[in-house]
>>> print(open('query-v9.cif').read())   # mmCIF, C-alpha atoms
data_my_file
#
loop_
_atom_site.label_atom_id
_atom_site.label_comp_id
_atom_site.auth_asym_id
_atom_site.auth_seq_id
_atom_site.Cartn_x
_atom_site.Cartn_y
_atom_site.Cartn_z
CA MET A 1 -20.07 -12.44 3.60
CA THR A 2 -18.00 -15.62 3.36
CA THR A 3 -17.93 -18.22 6.13
CA THR A 4 -14.27 -17.44 6.83
CA ARG A 5 -14.82 -13.74 7.17
CA ARG A 6 -17.94 -14.25 9.30
CA GLY A 7 -15.94 -16.47 11.66
CA LEU A 8 -13.14 -13.92 11.96
CA LEU A 9 -15.49 -11.08 12.75
CA ALA A 10 -17.36 -13.22 15.26
CA GLY A 11 -14.08 -14.02 16.96
CA SER A 12 -13.30 -10.33 17.17
CA ALA A 13 -16.67 -9.37 18.58
CA ALA A 14 -16.08 -10.76 22.06
CA VAL A 15 -13.19 -8.48 22.93
CA VAL A 16 -14.69 -5.40 21.29
CA MET A 17 -18.12 -5.86 22.87
CA GLY A 18 -16.64 -6.75 26.24
CA ALA A 19 -14.48 -3.66 26.25
CA ALA A 20 -17.33 -1.48 25.04
CA LEU A 21 -19.31 -2.29 28.19
CA ASP A 22 -16.71 -0.28 30.10
CA ALA A 23 -16.80 2.64 27.64
CA PRO A 24 -19.01 5.73 27.84
CA ALA A 25 -22.30 5.37 25.97
CA ALA A 26 -21.55 8.41 23.86
CA GLN A 27 -18.20 7.04 22.64
CA ALA A 28 -17.28 8.21 19.15
CA HIS A 29 -14.49 7.14 16.83
CA THR A 30 -12.99 10.60 16.81
CA ALA A 31 -11.41 12.51 19.64
CA SER A 32 -13.08 15.69 20.81
CA GLY A 33 -11.89 18.48 18.55
CA SER A 34 -9.60 16.30 16.46
CA GLY A 35 -9.67 14.27 13.28
CA PRO A 36 -10.37 10.55 12.93
CA LYS A 37 -8.16 8.24 14.94
CA PRO A 38 -6.52 5.20 13.40
CA THR A 39 -8.11 1.81 13.84
CA VAL A 40 -6.12 -0.31 16.28
CA VAL A 41 -5.88 -3.98 15.30
CA LEU A 42 -4.93 -6.23 18.22
CA VAL A 43 -3.44 -9.60 17.26
CA HIS A 44 -3.04 -12.34 19.85
CA GLY A 45 -0.41 -15.06 19.86
CA ALA A 46 -0.32 -18.78 20.57
CA PHE A 47 -1.79 -20.39 23.69
CA ALA A 48 -4.14 -17.40 23.98
CA ASP A 49 -7.12 -15.72 22.37
CA ALA A 50 -8.38 -12.19 21.70
CA SER A 51 -9.79 -11.81 25.24
CA GLY A 52 -6.22 -11.26 26.45
CA TRP A 53 -6.49 -7.78 24.96
CA ASN A 54 -9.59 -6.77 26.97
CA GLY A 55 -7.74 -4.55 29.45
CA VAL A 56 -5.96 -2.74 26.62
CA ALA A 57 -9.00 -2.55 24.34
CA SER A 58 -11.22 -1.03 27.02
CA ARG A 59 -8.74 1.79 27.59
CA LEU A 60 -8.35 2.52 23.89
CA ILE A 61 -12.09 2.46 23.27
CA ARG A 62 -12.65 4.92 26.12
CA ASP A 63 -10.13 7.17 24.37
CA GLY A 64 -12.12 7.06 21.16
CA TYR A 65 -10.04 4.60 19.12
CA PRO A 66 -11.80 2.14 16.82
CA VAL A 67 -10.57 -1.30 17.94
CA ILE A 68 -10.77 -4.75 16.40
CA ALA A 69 -9.16 -7.93 17.76
CA PRO A 70 -9.53 -10.62 15.10
CA ALA A 71 -9.08 -14.30 15.85
CA ASN A 72 -5.63 -15.56 14.88
CA PRO A 73 -6.10 -19.09 13.47
CA LEU A 74 -2.67 -20.34 14.66
CA ARG A 75 -2.40 -22.72 11.70
CA GLY A 76 0.85 -21.49 10.14
CA VAL A 77 2.81 -18.33 9.43
CA ALA A 78 1.82 -17.94 5.77
CA ALA A 79 -1.79 -18.97 6.34
CA ASP A 80 -2.30 -16.79 9.42
CA SER A 81 -0.64 -13.80 7.75
CA ALA A 82 -2.87 -14.15 4.70
CA CYS A 83 -5.90 -14.41 6.97
CA LEU A 84 -5.00 -11.20 8.80
CA ALA A 85 -4.19 -9.44 5.53
CA SER A 86 -7.71 -10.27 4.31
CA VAL A 87 -9.16 -8.68 7.45
CA LEU A 88 -7.02 -5.56 7.02
CA ALA A 89 -8.27 -5.24 3.44
CA THR A 90 -11.79 -4.70 4.80
CA LEU A 91 -10.72 -1.75 6.98
CA SER A 92 -10.48 1.79 5.69
CA GLY A 93 -8.29 4.62 6.93
CA PRO A 94 -5.02 4.46 8.87
CA LEU A 95 -4.23 1.32 10.85
CA VAL A 96 -2.03 0.59 13.86
CA LEU A 97 -1.22 -3.11 14.19
CA VAL A 98 -0.43 -4.41 17.68
CA ALA A 99 0.87 -7.91 18.24
CA HIS A 100 1.70 -10.18 21.13
CA SER A 101 4.16 -13.08 20.95
CA TYR A 102 3.56 -15.25 17.84
CA GLY A 103 1.21 -12.53 16.59
CA GLY A 104 4.34 -10.51 15.86
CA ILE A 105 5.43 -12.72 12.99
CA VAL A 106 1.87 -12.54 11.64
CA VAL A 107 1.67 -8.73 11.56
CA THR A 108 5.25 -8.50 10.26
CA ASN A 109 4.10 -10.38 7.16
CA ALA A 110 0.46 -9.26 6.88
CA ALA A 111 1.31 -5.54 6.94
CA THR A 112 3.86 -5.72 4.14
CA GLY A 113 2.65 -3.72 1.15
CA ASN A 114 -0.45 -2.32 2.89
CA PRO A 115 -0.24 1.49 2.64
CA ASN A 116 -2.87 1.96 5.37
CA VAL A 117 -0.61 0.51 8.07
CA LYS A 118 1.00 3.50 9.77
CA ALA A 119 2.60 1.83 12.79
CA LEU A 120 3.50 -1.57 14.23
CA VAL A 121 3.52 -2.23 17.97
CA TYR A 122 5.22 -5.37 19.29
CA VAL A 123 4.33 -6.48 22.82
CA ALA A 124 6.84 -9.15 23.88
CA ALA A 125 6.47 -10.26 20.29
CA PHE A 126 8.48 -11.81 17.48
CA ALA A 127 9.71 -9.30 14.90
CA PRO A 128 11.56 -11.54 12.44
CA ASP A 129 13.61 -10.66 9.42
CA GLN A 130 13.12 -12.48 6.13
CA GLY A 131 13.91 -16.19 6.40
CA GLU A 132 13.99 -16.27 10.21
CA THR A 133 11.88 -18.69 12.24
CA LEU A 134 10.17 -18.58 15.62
CA LEU A 135 12.36 -21.35 17.00
CA GLY A 136 15.52 -19.67 15.79
CA LEU A 137 14.66 -16.39 17.48
CA GLN A 138 13.36 -17.99 20.67
CA THR A 139 16.60 -19.92 21.14
CA LYS A 140 18.98 -17.22 19.87
CA TYR A 141 19.58 -16.17 23.48
CA PRO A 142 19.32 -18.27 26.66
CA GLY A 143 16.42 -17.90 29.04
CA SER A 144 13.30 -19.42 27.45
CA ARG A 145 11.55 -22.01 29.61
CA LEU A 146 9.05 -22.92 26.90
CA SER A 147 10.84 -26.13 25.97
CA GLU A 148 9.46 -29.33 24.49
CA ALA A 149 9.10 -30.65 28.05
CA ALA A 150 6.63 -27.85 28.81
CA LEU A 151 4.29 -28.80 25.97
CA ASP A 152 1.57 -31.36 25.36
CA PHE A 153 1.25 -32.53 21.76
CA ARG A 154 -2.10 -33.61 20.36
CA PRO A 155 -2.73 -34.80 16.82
CA TYR A 156 -5.42 -33.28 14.63
CA GLY A 157 -6.28 -34.06 11.05
CA GLU A 158 -3.95 -36.19 8.94
CA GLY A 159 -0.42 -36.06 10.29
CA LEU A 160 -0.87 -32.65 11.95
CA VAL A 161 0.02 -31.83 15.55
CA ASP A 162 -0.99 -29.03 17.92
CA GLY A 163 1.06 -27.86 20.89
CA TYR A 164 -0.39 -26.81 24.25
CA ILE A 165 1.40 -25.59 27.38
CA LYS A 166 1.13 -28.16 30.15
CA LYS A 167 -0.89 -27.18 33.20
CA GLU A 168 2.06 -27.48 35.60
CA PHE A 169 4.11 -25.04 33.49
CA PHE A 170 1.48 -22.54 32.41
CA HIS A 171 1.55 -20.07 35.30
CA ASP A 172 5.29 -19.90 35.92
CA VAL A 173 6.37 -19.93 32.27
CA PHE A 174 3.60 -18.02 30.51
CA ALA A 175 2.12 -15.60 33.03
CA GLY A 176 4.01 -15.64 36.31
CA ASP A 177 2.80 -12.23 37.49
CA LEU A 178 -0.91 -13.08 37.23
CA PRO A 179 -2.97 -14.76 39.98
CA LYS A 180 -3.02 -18.54 39.71
CA ALA A 181 -6.82 -18.49 39.62
CA THR A 182 -6.59 -16.36 36.47
CA THR A 183 -3.96 -18.52 34.79
CA ALA A 184 -5.97 -21.67 35.57
CA LEU A 185 -8.75 -20.29 33.39
CA MET A 186 -6.29 -19.17 30.74
CA TRP A 187 -4.78 -22.66 30.63
CA ALA A 188 -8.20 -24.30 30.32
CA GLY A 189 -9.15 -22.07 27.38
CA GLN A 190 -5.77 -21.83 25.64
CA ARG A 191 -5.71 -21.95 21.84
CA PRO A 192 -3.06 -24.36 20.55
CA ALA A 193 -0.70 -23.69 17.68
CA ASP A 194 0.24 -26.02 14.87
CA VAL A 195 3.81 -27.04 15.71
CA ARG A 196 4.86 -26.45 12.10
CA THR A 197 4.80 -22.71 12.82
CA LEU A 198 8.04 -23.08 14.81
CA GLY A 199 10.11 -23.78 11.72
CA GLU A 200 8.22 -21.85 9.05
CA PRO A 201 10.34 -18.99 7.63
CA SER A 202 9.07 -15.43 7.72
CA GLY A 203 8.73 -13.26 4.62
CA THR A 204 9.62 -9.66 3.81
CA PRO A 205 9.24 -7.72 7.09
CA ALA A 206 6.94 -4.72 7.24
CA TRP A 207 9.09 -3.12 9.94
CA ARG A 208 11.65 -2.22 7.28
CA THR A 209 9.27 0.43 5.93
CA VAL A 210 6.73 0.97 8.73
CA PRO A 211 7.63 2.76 12.02
CA SER A 212 7.56 0.39 14.97
CA TRP A 213 7.31 0.41 18.75
CA TYR A 214 8.28 -2.36 21.16
CA LEU A 215 7.42 -3.26 24.77
CA VAL A 216 10.07 -5.55 26.29
CA GLY A 217 8.97 -7.79 29.17
CA ARG A 218 11.98 -8.00 31.49
CA ASP A 219 10.62 -11.09 33.28
CA ASP A 220 9.54 -12.97 30.15
CA GLN A 221 10.13 -16.73 30.46
CA VAL A 222 8.93 -17.53 26.92
CA LEU A 223 10.75 -15.08 24.63
CA PRO A 224 13.99 -14.01 26.35
CA PRO A 225 14.29 -10.25 26.97
CA ALA A 226 17.65 -10.29 25.16
CA ALA A 227 15.92 -11.58 22.03
CA GLN A 228 13.25 -8.90 22.36
CA ARG A 229 15.86 -6.16 22.67
CA PHE A 230 17.75 -7.54 19.67
CA MET A 231 14.65 -7.50 17.47
CA ALA A 232 13.52 -4.09 18.70
CA HIS A 233 16.95 -2.55 18.05
CA ARG A 234 17.21 -4.11 14.60
CA ALA A 235 13.78 -2.76 13.64
CA GLY A 236 14.68 0.71 14.91
CA ALA A 237 11.69 0.48 17.24
CA HIS A 238 10.81 3.05 19.88
CA THR A 239 11.32 0.80 22.89
CA VAL A 240 10.08 0.73 26.47
CA GLU A 241 10.61 -1.95 29.11
CA ALA A 242 8.45 -3.20 31.96
CA ASP A 243 8.89 -5.66 34.81
CA THR A 244 6.35 -8.13 33.49
CA SER A 245 5.90 -11.67 32.28
CA HIS A 246 5.25 -12.77 28.70
CA VAL A 247 1.62 -11.55 28.89
CA ALA A 248 2.47 -7.86 29.27
CA MET A 249 -0.85 -6.77 27.75
CA ILE A 250 -2.72 -8.52 30.58
CA ALA A 251 -0.35 -7.81 33.46
CA ARG A 252 0.45 -4.22 32.37
CA PRO A 253 -2.54 -3.04 30.30
CA ALA A 254 -2.04 0.66 31.12
CA ALA A 255 1.60 0.63 29.97
CA THR A 256 0.67 -1.32 26.85
CA ALA A 257 -2.16 1.08 25.98
CA ALA A 258 0.13 4.07 26.56
CA LEU A 259 2.65 2.72 24.05
CA ILE A 260 -0.09 2.14 21.50
CA ARG A 261 -1.31 5.71 21.91
CA ARG A 262 2.23 6.96 21.22
CA ALA A 263 2.37 4.88 18.05
CA ALA A 264 -1.07 6.11 16.97
CA ARG A 265 -0.22 9.84 17.14
#
>>> encode(input="query-v9.cif", output="structure tokens")
Amino acid sequence: MTTTRRGLLAGSAAVVMGAALDAPAAQAHTASGSGPKPTVVLVHGAFADASGWNGVASRLIRDGYPVIAPANPLRGVAADSACLASVLATLSGPLVLVAHSYGGIVVTNAATGNPNVKALVYVAAFAPDQGETLLGLQTKYPGSRLSEAALDFRPYGEGLVDGYIKKEFFHDVFAGDLPKATTALMWAGQRPADVRTLGEPSGTPAWRTVPSWYLVGRDDQVLPPAAQRFMAHRAGAHTVEADTSHVAMIARPAATAALIRRAAR
């Protein structure tokens, strides 16, 4: 096993093991009286990590779904998509890819050409067309409060810069419907994204050939609901809406898991 792959699987283990503690001991990867269920791959976005999927993962695992939540490196669209594609290549059988926020552009690219991917689920996520960028979609409609003023910029490496959400903006902009004690911990442990991702164009979108589902967060202060509806409609996605902030998978885990189950049928 290569160092890269070992790191990815280690990053995934936390959410899967944490969720498994809530699952019945006799959990199997097949439903009672039915065939094998697809593996659900949960992809986090920027300013977050795989633990944000715990509430969703625990529900899916209890229902007998194999679940993996790999670490998203947040180093660039092409690099992150290639990284996820390499993880998908190690998984057999049907796959359902679920993405939050920036993770949407990653699955949109990583799933292209993979015949095992049967469904895409976007949770307040970017679903770009070829050539589109994160910044272009985020600012296509008014309403985003994730402006340059809300970010701290810290250099890393030679001429590279990471972006973090500032503490005073994190709760209200990123996760306004969660307790402040929870968002304080989320802020402290946030994973930054290389700022180059904002302007990096997306490739051929998998949603053109793969059925998709979309959960729109009506109270999203990061990716405007109008932008979410535009992308969902364009992709022909089966769409539901919820009164939730940008982190719908944390604030509304039951609704998120229900949408994933519909996509996995």
>>> atom_distance(input="query-v9.cif", atom1="atom CA of A:Pro115", atom2="atom CA of A:Gly217")
29.6 Å
>>> closest_residue(input="query-v9.cif", among="A:Ala258, A:Leu198, A:Leu223, A:Val216", to="A:Arg75", atoms="all atoms listed in the file")
A:Leu198
>>> residues_around(input="query-v9.cif", residues="A:Tyr65", least_positions_apart="6", cutoff="7 Å", atoms="all atoms listed in the file", output="count of residues only")
5
>>> atom_distance(input="query-v9.cif", atom1="atom CA of A:Arg252", atom2="atom CA of A:Asp80")
26.3 Å
>>> atom_distance(input="query-v9.cif", atom1="atom CA of A:Ala46", atom2="atom CA of A:Pro128")
16.1 Å
>>> residues_around(input="query-v9.cif", residues="A:Ala89", least_positions_apart="4", cutoff="10 Å", atoms="all atoms listed in the file", output="VMD selection string")
chain A and resid 84 to 85 114 116
>>> closest_residue(input="query-v9.cif", among="A:Pro36, A:Pro205, A:Pro225, A:Pro94", to="A:Tyr141", atoms="only C-alpha atoms")
A:Pro225
>>> closest_residue(input="query-v9.cif", among="A:Arg154, A:Arg196, A:Arg218, A:Arg208", to="A:Ser245", atoms="all atoms listed in the file")
A:Arg218
>>> residues_around(input="query-v9.cif", residues="A:Gly199", least_positions_apart="2", cutoff="12 Å", atoms="all atoms listed in the file", output="PyMOL selection string")
chain A and resi 76-78+131-138+194-197+201-202
>>> closest_residue(input="query-v9.cif", among="A:Gln228, A:Ala237, A:Tyr214, A:Thr108", to="A:Asp129", atoms="all atoms listed in the file")
A:Thr108
>>> closest_residue(input="query-v9.cif", among="A:Gly35, A:Gly143, A:Pro224, A:Gly113", to="A:Gly64", atoms="all atoms listed in the file")
A:Gly35
>>> resolve_selection(input="query-v9.cif", expression="the PyMOL selection byres ((chain A and resi 185-193) around 10)", output="MDAnalysis selection string")
chainID A and resid 45:49 51:52 72:76 102 152:154 161:171 174:175 180:184 194:198
>>> write_last_selection(input="query-v9.cif", atoms="C-alpha atoms", output="compact mmCIF listing (two decimals), keeping the file's coordinate frame")
# COMPACT_ATOMS: atom_id res chain seq x y z
CA GLY A 45 -0.41 -15.06 19.86
CA ALA A 46 -0.32 -18.78 20.57
CA PHE A 47 -1.79 -20.39 23.69
CA ALA A 48 -4.14 -17.40 23.98
CA ASP A 49 -7.12 -15.72 22.37
CA SER A 51 -9.79 -11.81 25.24
CA GLY A 52 -6.22 -11.26 26.45
CA ASN A 72 -5.63 -15.56 14.88
CA PRO A 73 -6.10 -19.09 13.47
CA LEU A 74 -2.67 -20.34 14.66
CA ARG A 75 -2.40 -22.72 11.70
CA GLY A 76 0.85 -21.49 10.14
CA TYR A 102 3.56 -15.25 17.84
CA ASP A 152 1.57 -31.36 25.36
CA PHE A 153 1.25 -32.53 21.76
CA ARG A 154 -2.10 -33.61 20.36
CA VAL A 161 0.02 -31.83 15.55
CA ASP A 162 -0.99 -29.03 17.92
CA GLY A 163 1.06 -27.86 20.89
CA TYR A 164 -0.39 -26.81 24.25
CA ILE A 165 1.40 -25.59 27.38
CA LYS A 166 1.13 -28.16 30.15
CA LYS A 167 -0.89 -27.18 33.20
CA GLU A 168 2.06 -27.48 35.60
CA PHE A 169 4.11 -25.04 33.49
CA PHE A 170 1.48 -22.54 32.41
CA HIS A 171 1.55 -20.07 35.30
CA PHE A 174 3.60 -18.02 30.51
CA ALA A 175 2.12 -15.60 33.03
CA LYS A 180 -3.02 -18.54 39.71
CA ALA A 181 -6.82 -18.49 39.62
CA THR A 182 -6.59 -16.36 36.47
CA THR A 183 -3.96 -18.52 34.79
CA ALA A 184 -5.97 -21.67 35.57
CA ASP A 194 0.24 -26.02 14.87
CA VAL A 195 3.81 -27.04 15.71
CA ARG A 196 4.86 -26.45 12.10
CA THR A 197 4.80 -22.71 12.82
CA LEU A 198 8.04 -23.08 14.81
>>> resolve_selection(input="query-v9.cif", expression="the PyMOL selection byres ((chain A and resi 55) around 10)", output="VMD selection string")
chain A and resid 15 18 to 19 22 51 to 54 56 to 60 249 to 254 256 to 257
>>> closest_residue(input="query-v9.cif", among="A:His44, A:His246, A:His233, A:Lys140", to="A:Leu97", atoms="all atoms listed in the file")
A:His44
>>> residues_near_point(input="query-v9.cif", point="(-5.3, -7.5, 16.6)", cutoff="9 Å", atoms="all atoms listed in the file", output="number ranges by chain")
A: 12, 40-44, 50, 53, 67-72, 84, 97-100, 103, 107
>>> axis_aligned_box(input="query-v9.cif", around="stretch 47-54 of chain A", padding_each_side="5 Å", output="AutoDock Vina command-line options")
--center_x -5.8 --center_y -13.6 --center_z 24.3 --size_x 18.0 --size_y 23.6 --size_z 15.3
>>> residues_near_point(input="query-v9.cif", point="(12.6, -27.8, 32.2)", cutoff="12 Å", atoms="all atoms listed in the file", output="mmCIF file with C-alpha atoms, in the frame of the given file")
data_model
loop_
_atom_site.group_PDB
_atom_site.id
_atom_site.type_symbol
_atom_site.label_atom_id
_atom_site.label_comp_id
_atom_site.auth_asym_id
_atom_site.auth_seq_id
_atom_site.Cartn_x
_atom_site.Cartn_y
_atom_site.Cartn_z
ATOM 1 C CA GLY A 143 16.420 -17.900 29.040
ATOM 2 C CA SER A 144 13.300 -19.420 27.450
ATOM 3 C CA ARG A 145 11.550 -22.010 29.610
ATOM 4 C CA LEU A 146 9.050 -22.920 26.900
ATOM 5 C CA SER A 147 10.840 -26.130 25.970
ATOM 6 C CA GLU A 148 9.460 -29.330 24.490
ATOM 7 C CA ALA A 149 9.100 -30.650 28.050
ATOM 8 C CA ALA A 150 6.630 -27.850 28.810
ATOM 9 C CA LEU A 151 4.290 -28.800 25.970
ATOM 10 C CA LYS A 166 1.130 -28.160 30.150
ATOM 11 C CA GLU A 168 2.060 -27.480 35.600
ATOM 12 C CA PHE A 169 4.110 -25.040 33.490
ATOM 13 C CA ASP A 172 5.290 -19.900 35.920
ATOM 14 C CA VAL A 173 6.370 -19.930 32.270
ATOM 15 C CA GLN A 221 10.130 -16.730 30.460
#
